[in-house]
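Here is protein-v4.csv, consisting of CSV, C-alpha atoms:
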```csv
chain,number,residue,atom,x,y,z
A,1,MET,CA,105.8,60.1,80.7
A,2,SER,CA,105.8,63.9,80.8
A,3,MET,CA,102.9,65.9,82.0
A,4,THR,CA,101.2,68.5,79.9
A,5,ARG,CA,102.1,72.0,80.7
A,6,LYS,CA,99.3,74.6,80.1
A,7,LEU,CA,100.2,78.3,80.2
A,8,VAL,CA,97.5,80.9,80.9
A,9,PRO,CA,98.9,84.2,79.5
A,10,SER,CA,98.9,87.4,81.6
A,11,THR,CA,97.6,90.7,80.3
A,12,SER,CA,100.1,92.6,82.5
A,13,PRO,CA,102.4,95.0,80.5
A,14,TYR,CA,105.3,93.4,82.5
A,15,ALA,CA,104.6,89.9,81.2
A,16,PRO,CA,106.5,90.1,77.9
A,17,ILE,CA,109.4,92.0,79.5
A,18,ILE,CA,109.8,89.5,82.4
A,19,GLY,CA,108.6,86.5,80.6
A,20,PHE,CA,105.9,85.1,82.9
A,21,SER,CA,102.4,83.6,82.6
A,22,ARG,CA,99.5,84.4,84.8
A,23,ALA,CA,99.1,80.7,85.7
A,24,VAL,CA,100.8,77.5,84.9
A,25,ARG,CA,99.0,74.1,85.1
A,26,VAL,CA,101.0,70.9,85.2
A,27,GLY,CA,98.9,67.8,85.7
A,28,ASN,CA,96.4,68.6,88.3
A,29,HIS,CA,98.4,71.4,90.0
A,30,ILE,CA,97.9,75.1,89.1
A,31,SER,CA,100.2,77.9,90.3
A,32,ILE,CA,99.4,81.5,90.0
A,33,GLY,CA,102.3,83.9,90.7
A,34,GLY,CA,102.2,87.4,92.2
A,35,THR,CA,98.9,88.9,90.9
A,36,ALA,CA,98.9,92.7,91.1
A,37,PRO,CA,95.8,95.0,91.4
A,38,ILE,CA,95.7,96.0,87.7
A,39,ASP,CA,93.0,95.9,85.1
A,40,ALA,CA,93.2,94.5,81.6
A,41,ASN,CA,94.8,97.7,80.4
A,42,GLY,CA,97.6,97.5,83.0
A,43,LYS,CA,96.2,100.4,85.1
A,44,THR,CA,96.2,100.1,88.9
A,45,VAL,CA,92.8,99.7,90.4
A,46,GLY,CA,91.9,101.2,93.8
A,47,VAL,CA,95.0,103.4,94.3
A,48,GLY,CA,95.3,103.8,98.1
A,49,ASP,CA,92.5,101.3,98.8
A,50,PRO,CA,93.8,97.9,100.0
A,51,ALA,CA,90.3,96.3,99.9
A,52,ALA,CA,89.7,97.4,96.3
A,53,GLN,CA,93.1,96.2,95.3
A,54,THR,CA,92.6,92.8,97.0
A,55,ARG,CA,89.3,92.4,95.2
A,56,GLN,CA,90.9,93.2,91.9
A,57,CYS,CA,93.7,90.6,92.5
A,58,LEU,CA,91.2,87.9,93.4
A,59,GLU,CA,89.0,88.6,90.4
A,60,THR,CA,92.1,88.3,88.2
A,61,ILE,CA,93.0,85.0,89.9
A,62,LYS,CA,89.5,83.7,89.6
A,63,THR,CA,89.6,84.3,85.8
A,64,ALA,CA,93.0,82.7,85.5
A,65,LEU,CA,91.8,79.6,87.4
A,66,GLU,CA,88.9,79.3,85.1
A,67,GLN,CA,91.2,79.5,82.1
A,68,ALA,CA,93.3,76.7,83.6
A,69,GLY,CA,90.2,74.5,84.1
A,70,ALA,CA,89.7,75.2,87.8
A,71,SER,CA,87.8,77.5,90.2
A,72,LEU,CA,88.3,79.2,93.6
A,73,ASN,CA,87.0,76.0,95.2
A,74,ASP,CA,90.2,74.2,94.1
A,75,VAL,CA,92.6,76.7,95.9
A,76,VAL,CA,94.7,75.1,98.6
A,77,ARG,CA,97.0,78.0,99.4
A,78,THR,CA,97.1,81.8,99.2
A,79,ARG,CA,100.0,84.1,99.9
A,80,MET,CA,99.3,87.7,100.4
A,81,LEU,CA,102.2,90.1,100.1
A,82,LEU,CA,101.5,93.6,101.5
A,83,THR,CA,103.5,96.8,101.5
A,84,ARG,CA,101.7,98.0,104.6
A,85,ILE,CA,101.1,95.2,107.2
A,86,ASP,CA,98.6,97.5,109.0
A,87,ASP,CA,96.3,96.9,106.0
A,88,TRP,CA,96.0,93.2,106.9
A,89,GLN,CA,92.5,93.4,108.4
A,90,GLN,CA,91.0,95.1,105.4
A,91,ILE,CA,92.7,92.7,103.1
A,92,ALA,CA,91.7,89.6,105.2
A,93,LYS,CA,88.1,90.7,105.2
A,94,VAL,CA,88.0,90.7,101.4
A,95,ARG,CA,89.9,87.4,101.2
A,96,GLY,CA,87.2,86.0,103.6
A,97,GLU,CA,84.5,87.0,101.1
A,98,TYR,CA,86.1,84.7,98.5
A,99,PHE,CA,87.3,81.9,100.7
A,100,LYS,CA,85.2,81.7,103.8
A,101,ASP,CA,83.8,78.2,102.9
A,102,ILE,CA,86.9,77.0,101.0
A,103,ARG,CA,89.4,77.8,103.8
A,104,PRO,CA,92.7,77.3,102.0
A,105,VAL,CA,95.9,77.8,104.0
A,106,ASP,CA,97.3,81.3,103.9
A,107,THR,CA,100.4,83.3,104.5
A,108,VAL,CA,100.4,87.1,105.0
A,109,MET,CA,103.7,88.9,104.9
A,110,GLU,CA,105.0,92.5,104.5
A,111,VAL,CA,107.3,93.3,101.7
A,112,LYS,CA,109.3,96.4,101.0
A,113,GLY,CA,107.6,97.2,97.7
A,114,PHE,CA,106.5,96.1,94.2
A,115,ILE,CA,107.4,97.1,90.6
A,116,ASN,CA,104.7,99.8,90.8
A,117,LYS,CA,104.6,102.0,93.9
A,118,GLU,CA,100.8,102.2,93.7
A,119,TRP,CA,100.4,98.5,94.5
A,120,LEU,CA,99.6,97.7,98.1
A,121,ILE,CA,99.2,94.0,97.6
A,122,GLU,CA,100.1,91.0,95.3
A,123,ILE,CA,98.5,87.6,95.8
A,124,GLU,CA,99.8,84.2,94.9
A,125,VAL,CA,97.6,81.0,94.7
A,126,ASP,CA,98.1,77.3,94.4
A,127,ALA,CA,95.2,75.0,93.4
A,128,VAL,CA,94.8,71.3,92.9
A,129,VAL,CA,92.1,69.9,90.6
A,130,ASP,CA,90.6,66.4,90.2
A,131,GLU,CA,92.6,64.4,87.7
A,132,GLY,CA,89.4,63.2,86.1
```
As structure tokens:
Amino acid sequence: MSMTRKLVPSTSPYAPIIGFSRAVRVGNHISIGGTAPIDANGKTVGVGDPAAQTRQCLETIKTALEQAGASLNDVVRTRMLLTRIDDWQQIAKVRGEYFKDIRPVDTVMEVKGFINKEWLIEIEVDAVVDEG
């Protein structure tokens, strides 16, 4: 028996070029790939501001989770990829606003860069929902 695969489309201008979805749900597992700090028009939000960029990423993730039948409460893992590791405290503070009571596991790592040089962060999320 194969599980149903639900795709949540991305509004990123890169999605049709690269061929990715914002989120994929298979059974009760939801994966959200690298979510950039862009608005619905593909414009970078909070240029130079790691906290504003983190908030934008998390709001995009929150919406994608809802479209996949989940919420932030279902998140079990986050991965925060930063281009400037010294921004970790500002980014962690915003993450804490969203996850202080949920407390999913987390990984923070520095990367060399992203497709768009204005992006300071991308966030990945895994969630698990009740099967019922």
Within 12 Å of segment 6-28 of chain A: each segment 81-128 of chain A residue with its shortest pair, all atoms listed in the file, as JSON lines:
```
{"residue": "A:Ile115", "atom": "CA", "partner": "A:Tyr14", "partner_atom": "CA", "distance": 9.1}
{"residue": "A:Asn116", "atom": "CA", "partner": "A:Tyr14", "partner_atom": "CA", "distance": 10.5}
{"residue": "A:Ile123", "atom": "CA", "partner": "A:Arg22", "partner_atom": "CA", "distance": 11.5}
{"residue": "A:Glu124", "atom": "CA", "partner": "A:Ala23", "partner_atom": "CA", "distance": 9.9}
{"residue": "A:Val125", "atom": "CA", "partner": "A:Ala23", "partner_atom": "CA", "distance": 9.1}
{"residue": "A:Asp126", "atom": "CA", "partner": "A:Ala23", "partner_atom": "CA", "distance": 9.4}
{"residue": "A:Ala127", "atom": "CA", "partner": "A:Asn28", "partner_atom": "CA", "distance": 8.3}
{"residue": "A:Val128", "atom": "CA", "partner": "A:Asn28", "partner_atom": "CA", "distance": 5.6}
```
Mind working out the centre and edge lengths of an axis-aligned box for segment 11-27 of chain A, all listed atoms inside, 5 Å added to each side, rounded to one decimal in Å and written as JSON?
```
{"center_x": 103.7, "center_y": 81.4, "center_z": 81.8, "size_x": 22.2, "size_y": 37.2, "size_z": 17.8}
```
Next item on the list: Determine the nearest neighbour of Ile30 of chain A from the options A:Val94, A:Leu65, A:Met3, A:Val105, counting only C-alpha atoms.
Entry: A:Leu65
Checklist line | Counting all atoms listed in the file, the residue of A:His29, A:Arg55, A:Lys112, A:Lys43 that sits nearest Arg95 of chain A | finding: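 Once distances to Arg95 of chain A are computed over all atoms listed in the file, the minimum belongs to A:Arg55.
Using all atoms listed in the file, the nearest neighbour of Lys117 of chain A within the list A:Arg77, A:Arg103, A:Arg84, A:Arg5 is A:Arg84.
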Checklist line | Which of A:Asp106, A:Asp49, A:Asp39, A:Glu97 sits closest to Val75 of chain A [using all atoms listed in the file] | finding: A:Asp106
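Going from atom CA of Leu72 of chain A over to atom CA of Trp119 of chain A, you cover 22.8 Å.
Using all atoms listed in the file, the nearest neighbour of Gln89 of chain A within the list A:Leu58, A:Ala70, A:Ala51, A:Ile121 is A:Ala51.
Of the listed residues A:Gly113, A:Gly96, A:Gly34, A:Pro104, the one whose atoms come nearest to Ile61 of chain A is A:Gly34, with distances taken using only C-alpha atoms.
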Checklist line | Atomic separation - atom CA of Glu110 of chain A relative to atom CA of Asp86 of chain A, Å | finding: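 If I compute the distance from atom CA of Asp86 of chain A to atom CA of Glu110 of chain A, I get 9.3 Å.
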Checklist line | Point-to-point distance in Å for atom CA of Gly42 of chain A and atom CA of Thr78 of chain A | finding: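 Between atom CA of Thr78 of chain A and atom CA of Gly42 of chain A the gap works out to 22.6 Å.
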Note to self: Excluding Thr60 of chain A and its own-chain neighbours fewer than 3 positions away, which residues fall within 9 Å of it when counting only C-alpha atoms? Please give them as a count of residues only.
What the structure shows: 11
Requested file, chain A restricted to C-alpha atoms, as a PDB file, in the first residue's frame:
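Saved result, result06.pdb, follows:
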```
ATOM      1  CA  MET A   1       0.000   0.000   0.000  1.00  0.00           C
ATOM      2  CA  SER A   2       1.549   3.316  -1.018  1.00  0.00           C
ATOM      3  CA  MET A   3       1.070   6.468   1.023  1.00  0.00           C
ATOM      4  CA  THR A   4      -0.514   9.579  -0.371  1.00  0.00           C
ATOM      5  CA  ARG A   5       1.949  12.288  -1.336  1.00  0.00           C
ATOM      6  CA  LYS A   6       0.694  15.863  -0.950  1.00  0.00           C
ATOM      7  CA  LEU A   7       2.699  18.728  -2.425  1.00  0.00           C
ATOM      8  CA  VAL A   8       2.391  22.271  -1.100  1.00  0.00           C
ATOM      9  CA  PRO A   9       3.541  24.581  -3.912  1.00  0.00           C
ATOM     10  CA  SER A  10       6.097  27.319  -3.377  1.00  0.00           C
ATOM     11  CA  THR A  11       5.620  30.915  -4.479  1.00  0.00           C
ATOM     12  CA  SER A  12       9.382  31.285  -4.888  1.00  0.00           C
ATOM     13  CA  PRO A  13      10.446  32.385  -8.370  1.00  0.00           C
ATOM     14  CA  TYR A  14      13.066  29.624  -8.160  1.00  0.00           C
ATOM     15  CA  ALA A  15      10.512  26.802  -7.682  1.00  0.00           C
ATOM     16  CA  PRO A  16       9.677  26.204 -11.352  1.00  0.00           C
ATOM     17  CA  ILE A  17      13.333  26.462 -12.367  1.00  0.00           C
ATOM     18  CA  ILE A  18      14.638  24.055  -9.726  1.00  0.00           C
ATOM     19  CA  GLY A  19      11.469  21.969  -9.501  1.00  0.00           C
ATOM     20  CA  PHE A  20      10.668  21.980  -5.780  1.00  0.00           C
ATOM     21  CA  SER A  21       7.666  22.248  -3.486  1.00  0.00           C
ATOM     22  CA  ARG A  22       7.475  24.374  -0.340  1.00  0.00           C
ATOM     23  CA  ALA A  23       6.417  21.286   1.611  1.00  0.00           C
ATOM     24  CA  VAL A  24       5.827  17.595   0.994  1.00  0.00           C
ATOM     25  CA  ARG A  25       3.563  15.474   3.158  1.00  0.00           C
ATOM     26  CA  VAL A  26       3.782  11.694   2.996  1.00  0.00           C
ATOM     27  CA  GLY A  27       1.567   9.957   5.525  1.00  0.00           C
ATOM     28  CA  ASN A  28       1.955  11.777   8.802  1.00  0.00           C
ATOM     29  CA  HIS A  29       5.406  13.245   8.004  1.00  0.00           C
ATOM     30  CA  ILE A  30       5.888  16.739   6.559  1.00  0.00           C
ATOM     31  CA  SER A  31       9.190  18.091   5.268  1.00  0.00           C
ATOM     32  CA  ILE A  32       9.797  21.723   4.463  1.00  0.00           C
ATOM     33  CA  GLY A  33      13.020  22.485   2.636  1.00  0.00           C
ATOM     34  CA  GLY A  34      15.206  25.555   2.790  1.00  0.00           C
ATOM     35  CA  THR A  35      12.797  28.445   3.274  1.00  0.00           C
ATOM     36  CA  ALA A  36      14.226  31.813   2.307  1.00  0.00           C
ATOM     37  CA  PRO A  37      13.249  35.256   3.621  1.00  0.00           C
ATOM     38  CA  ILE A  38      11.151  36.234   0.619  1.00  0.00           C
ATOM     39  CA  ASP A  39       7.625  37.544   0.293  1.00  0.00           C
ATOM     40  CA  ALA A  40       4.902  36.250  -2.045  1.00  0.00           C
ATOM     41  CA  ASN A  41       6.388  38.352  -4.871  1.00  0.00           C
ATOM     42  CA  GLY A  42       9.860  36.843  -4.478  1.00  0.00           C
ATOM     43  CA  LYS A  43      11.353  39.976  -2.914  1.00  0.00           C
ATOM     44  CA  THR A  44      13.794  39.660  -0.015  1.00  0.00           C
ATOM     45  CA  VAL A  45      12.332  40.815   3.298  1.00  0.00           C
ATOM     46  CA  GLY A  46      14.539  42.523   5.888  1.00  0.00           C
ATOM     47  CA  VAL A  47      17.709  43.030   3.851  1.00  0.00           C
ATOM     48  CA  GLY A  48      20.576  43.121   6.361  1.00  0.00           C
ATOM     49  CA  ASP A  49      18.279  42.272   9.312  1.00  0.00           C
ATOM     50  CA  PRO A  50      18.672  38.655  10.499  1.00  0.00           C
ATOM     51  CA  ALA A  51      15.731  38.851  12.933  1.00  0.00           C
ATOM     52  CA  ALA A  52      13.321  40.151  10.268  1.00  0.00           C
ATOM     53  CA  GLN A  53      14.528  37.517   7.814  1.00  0.00           C
ATOM     54  CA  THR A  54      14.054  34.754  10.391  1.00  0.00           C
ATOM     55  CA  ARG A  55      10.520  35.947  11.125  1.00  0.00           C
ATOM     56  CA  GLN A  56       9.689  35.929   7.394  1.00  0.00           C
ATOM     57  CA  CYS A  57      11.028  32.385   6.996  1.00  0.00           C
ATOM     58  CA  LEU A  58       8.999  31.153   9.970  1.00  0.00           C
ATOM     59  CA  GLU A  59       5.804  32.830   8.768  1.00  0.00           C
ATOM     60  CA  THR A  60       6.236  31.161   5.368  1.00  0.00           C
ATOM     61  CA  ILE A  61       6.819  27.832   7.126  1.00  0.00           C
ATOM     62  CA  LYS A  62       3.749  28.345   9.334  1.00  0.00           C
ATOM     63  CA  THR A  63       1.586  28.891   6.249  1.00  0.00           C
ATOM     64  CA  ALA A  64       3.043  25.852   4.466  1.00  0.00           C
ATOM     65  CA  LEU A  65       2.394  23.672   7.513  1.00  0.00           C
ATOM     66  CA  GLU A  66      -1.221  24.817   7.605  1.00  0.00           C
ATOM     67  CA  GLN A  67      -1.603  24.007   3.901  1.00  0.00           C
ATOM     68  CA  ALA A  68      -0.232  20.525   4.631  1.00  0.00           C
ATOM     69  CA  GLY A  69      -2.690  19.973   7.495  1.00  0.00           C
ATOM     70  CA  ALA A  70      -0.321  20.769  10.370  1.00  0.00           C
ATOM     71  CA  SER A  71       0.813  23.599  12.614  1.00  0.00           C
ATOM     72  CA  LEU A  72       3.956  24.789  14.345  1.00  0.00           C
ATOM     73  CA  ASN A  73       2.960  22.531  17.261  1.00  0.00           C
ATOM     74  CA  ASP A  74       3.730  19.517  15.045  1.00  0.00           C
ATOM     75  CA  VAL A  75       7.335  20.549  14.323  1.00  0.00           C
ATOM     76  CA  VAL A  76       9.924  18.076  15.612  1.00  0.00           C
ATOM     77  CA  ARG A  77      13.096  19.493  14.004  1.00  0.00           C
ATOM     78  CA  THR A  78      14.386  22.801  12.654  1.00  0.00           C
ATOM     79  CA  ARG A  79      17.598  23.470  10.785  1.00  0.00           C
ATOM     80  CA  MET A  80      18.796  27.043  10.561  1.00  0.00           C
ATOM     81  CA  LEU A  81      21.426  27.780   7.945  1.00  0.00           C
ATOM     82  CA  LEU A  82      23.155  31.137   8.388  1.00  0.00           C
ATOM     83  CA  THR A  83      25.642  32.993   6.227  1.00  0.00           C
ATOM     84  CA  ARG A  84      26.957  34.847   9.292  1.00  0.00           C
ATOM     85  CA  ILE A  85      27.240  32.642  12.386  1.00  0.00           C
ATOM     86  CA  ASP A  86      27.552  35.771  14.557  1.00  0.00           C
ATOM     87  CA  ASP A  87      23.832  36.392  13.836  1.00  0.00           C
ATOM     88  CA  TRP A  88      22.875  33.237  15.758  1.00  0.00           C
ATOM     89  CA  GLN A  89      21.648  35.032  18.893  1.00  0.00           C
ATOM     90  CA  GLN A  90      19.297  37.359  17.004  1.00  0.00           C
ATOM     91  CA  ILE A  91      17.988  34.442  14.978  1.00  0.00           C
ATOM     92  CA  ALA A  92      17.649  32.177  18.028  1.00  0.00           C
ATOM     93  CA  LYS A  93      15.617  34.818  19.850  1.00  0.00           C
ATOM     94  CA  VAL A  94      13.054  34.930  17.030  1.00  0.00           C
ATOM     95  CA  ARG A  95      12.988  31.127  16.790  1.00  0.00           C
ATOM     96  CA  GLY A  96      12.277  31.080  20.518  1.00  0.00           C
ATOM     97  CA  GLU A  97       9.228  33.305  20.019  1.00  0.00           C
ATOM     98  CA  TYR A  98       7.730  30.639  17.754  1.00  0.00           C
ATOM     99  CA  PHE A  99       8.941  27.468  19.484  1.00  0.00           C
ATOM    100  CA  LYS A 100       9.509  28.247  23.193  1.00  0.00           C
ATOM    101  CA  ASP A 101       6.753  25.865  24.312  1.00  0.00           C
ATOM    102  CA  ILE A 102       7.064  23.352  21.444  1.00  0.00           C
ATOM    103  CA  ARG A 103      10.832  22.853  21.816  1.00  0.00           C
ATOM    104  CA  PRO A 104      11.729  20.885  18.677  1.00  0.00           C
ATOM    105  CA  VAL A 105      15.329  19.792  18.199  1.00  0.00           C
ATOM    106  CA  ASP A 106      17.468  22.238  16.254  1.00  0.00           C
ATOM    107  CA  THR A 107      20.652  22.508  14.271  1.00  0.00           C
ATOM    108  CA  VAL A 108      22.359  25.831  13.534  1.00  0.00           C
ATOM    109  CA  MET A 109      25.113  25.928  10.950  1.00  0.00           C
ATOM    110  CA  GLU A 110      27.017  28.448   8.932  1.00  0.00           C
ATOM    111  CA  VAL A 111      27.022  28.127   5.163  1.00  0.00           C
ATOM    112  CA  LYS A 112      28.983  29.986   2.527  1.00  0.00           C
ATOM    113  CA  GLY A 113      25.959  31.505   0.826  1.00  0.00           C
ATOM    114  CA  PHE A 114      22.585  31.143  -0.870  1.00  0.00           C
ATOM    115  CA  ILE A 115      21.226  31.715  -4.372  1.00  0.00           C
ATOM    116  CA  ASN A 116      20.442  35.318  -3.422  1.00  0.00           C
ATOM    117  CA  LYS A 117      23.265  37.222  -1.676  1.00  0.00           C
ATOM    118  CA  GLU A 118      20.720  39.273   0.335  1.00  0.00           C
ATOM    119  CA  TRP A 119      19.588  36.191   2.254  1.00  0.00           C
ATOM    120  CA  LEU A 120      21.195  35.736   5.660  1.00  0.00           C
ATOM    121  CA  ILE A 121      19.197  32.627   6.596  1.00  0.00           C
ATOM    122  CA  GLU A 122      17.216  29.685   5.297  1.00  0.00           C
ATOM    123  CA  ILE A 123      15.237  27.390   7.584  1.00  0.00           C
ATOM    124  CA  GLU A 124      14.236  23.747   7.121  1.00  0.00           C
ATOM    125  CA  VAL A 125      11.538  22.029   9.185  1.00  0.00           C
ATOM    126  CA  ASP A 126      10.275  18.493   9.771  1.00  0.00           C
ATOM    127  CA  ALA A 127       6.868  17.888  11.342  1.00  0.00           C
ATOM    128  CA  VAL A 128       4.875  14.820  12.352  1.00  0.00           C
ATOM    129  CA  VAL A 129       1.092  14.904  12.681  1.00  0.00           C
ATOM    130  CA  ASP A 130      -1.399  12.514  14.233  1.00  0.00           C
ATOM    131  CA  GLU A 131      -2.459   9.878  11.758  1.00  0.00           C
ATOM    132  CA  GLY A 132      -6.087  10.308  12.789  1.00  0.00           C
TER     133      GLY A 132
END
```
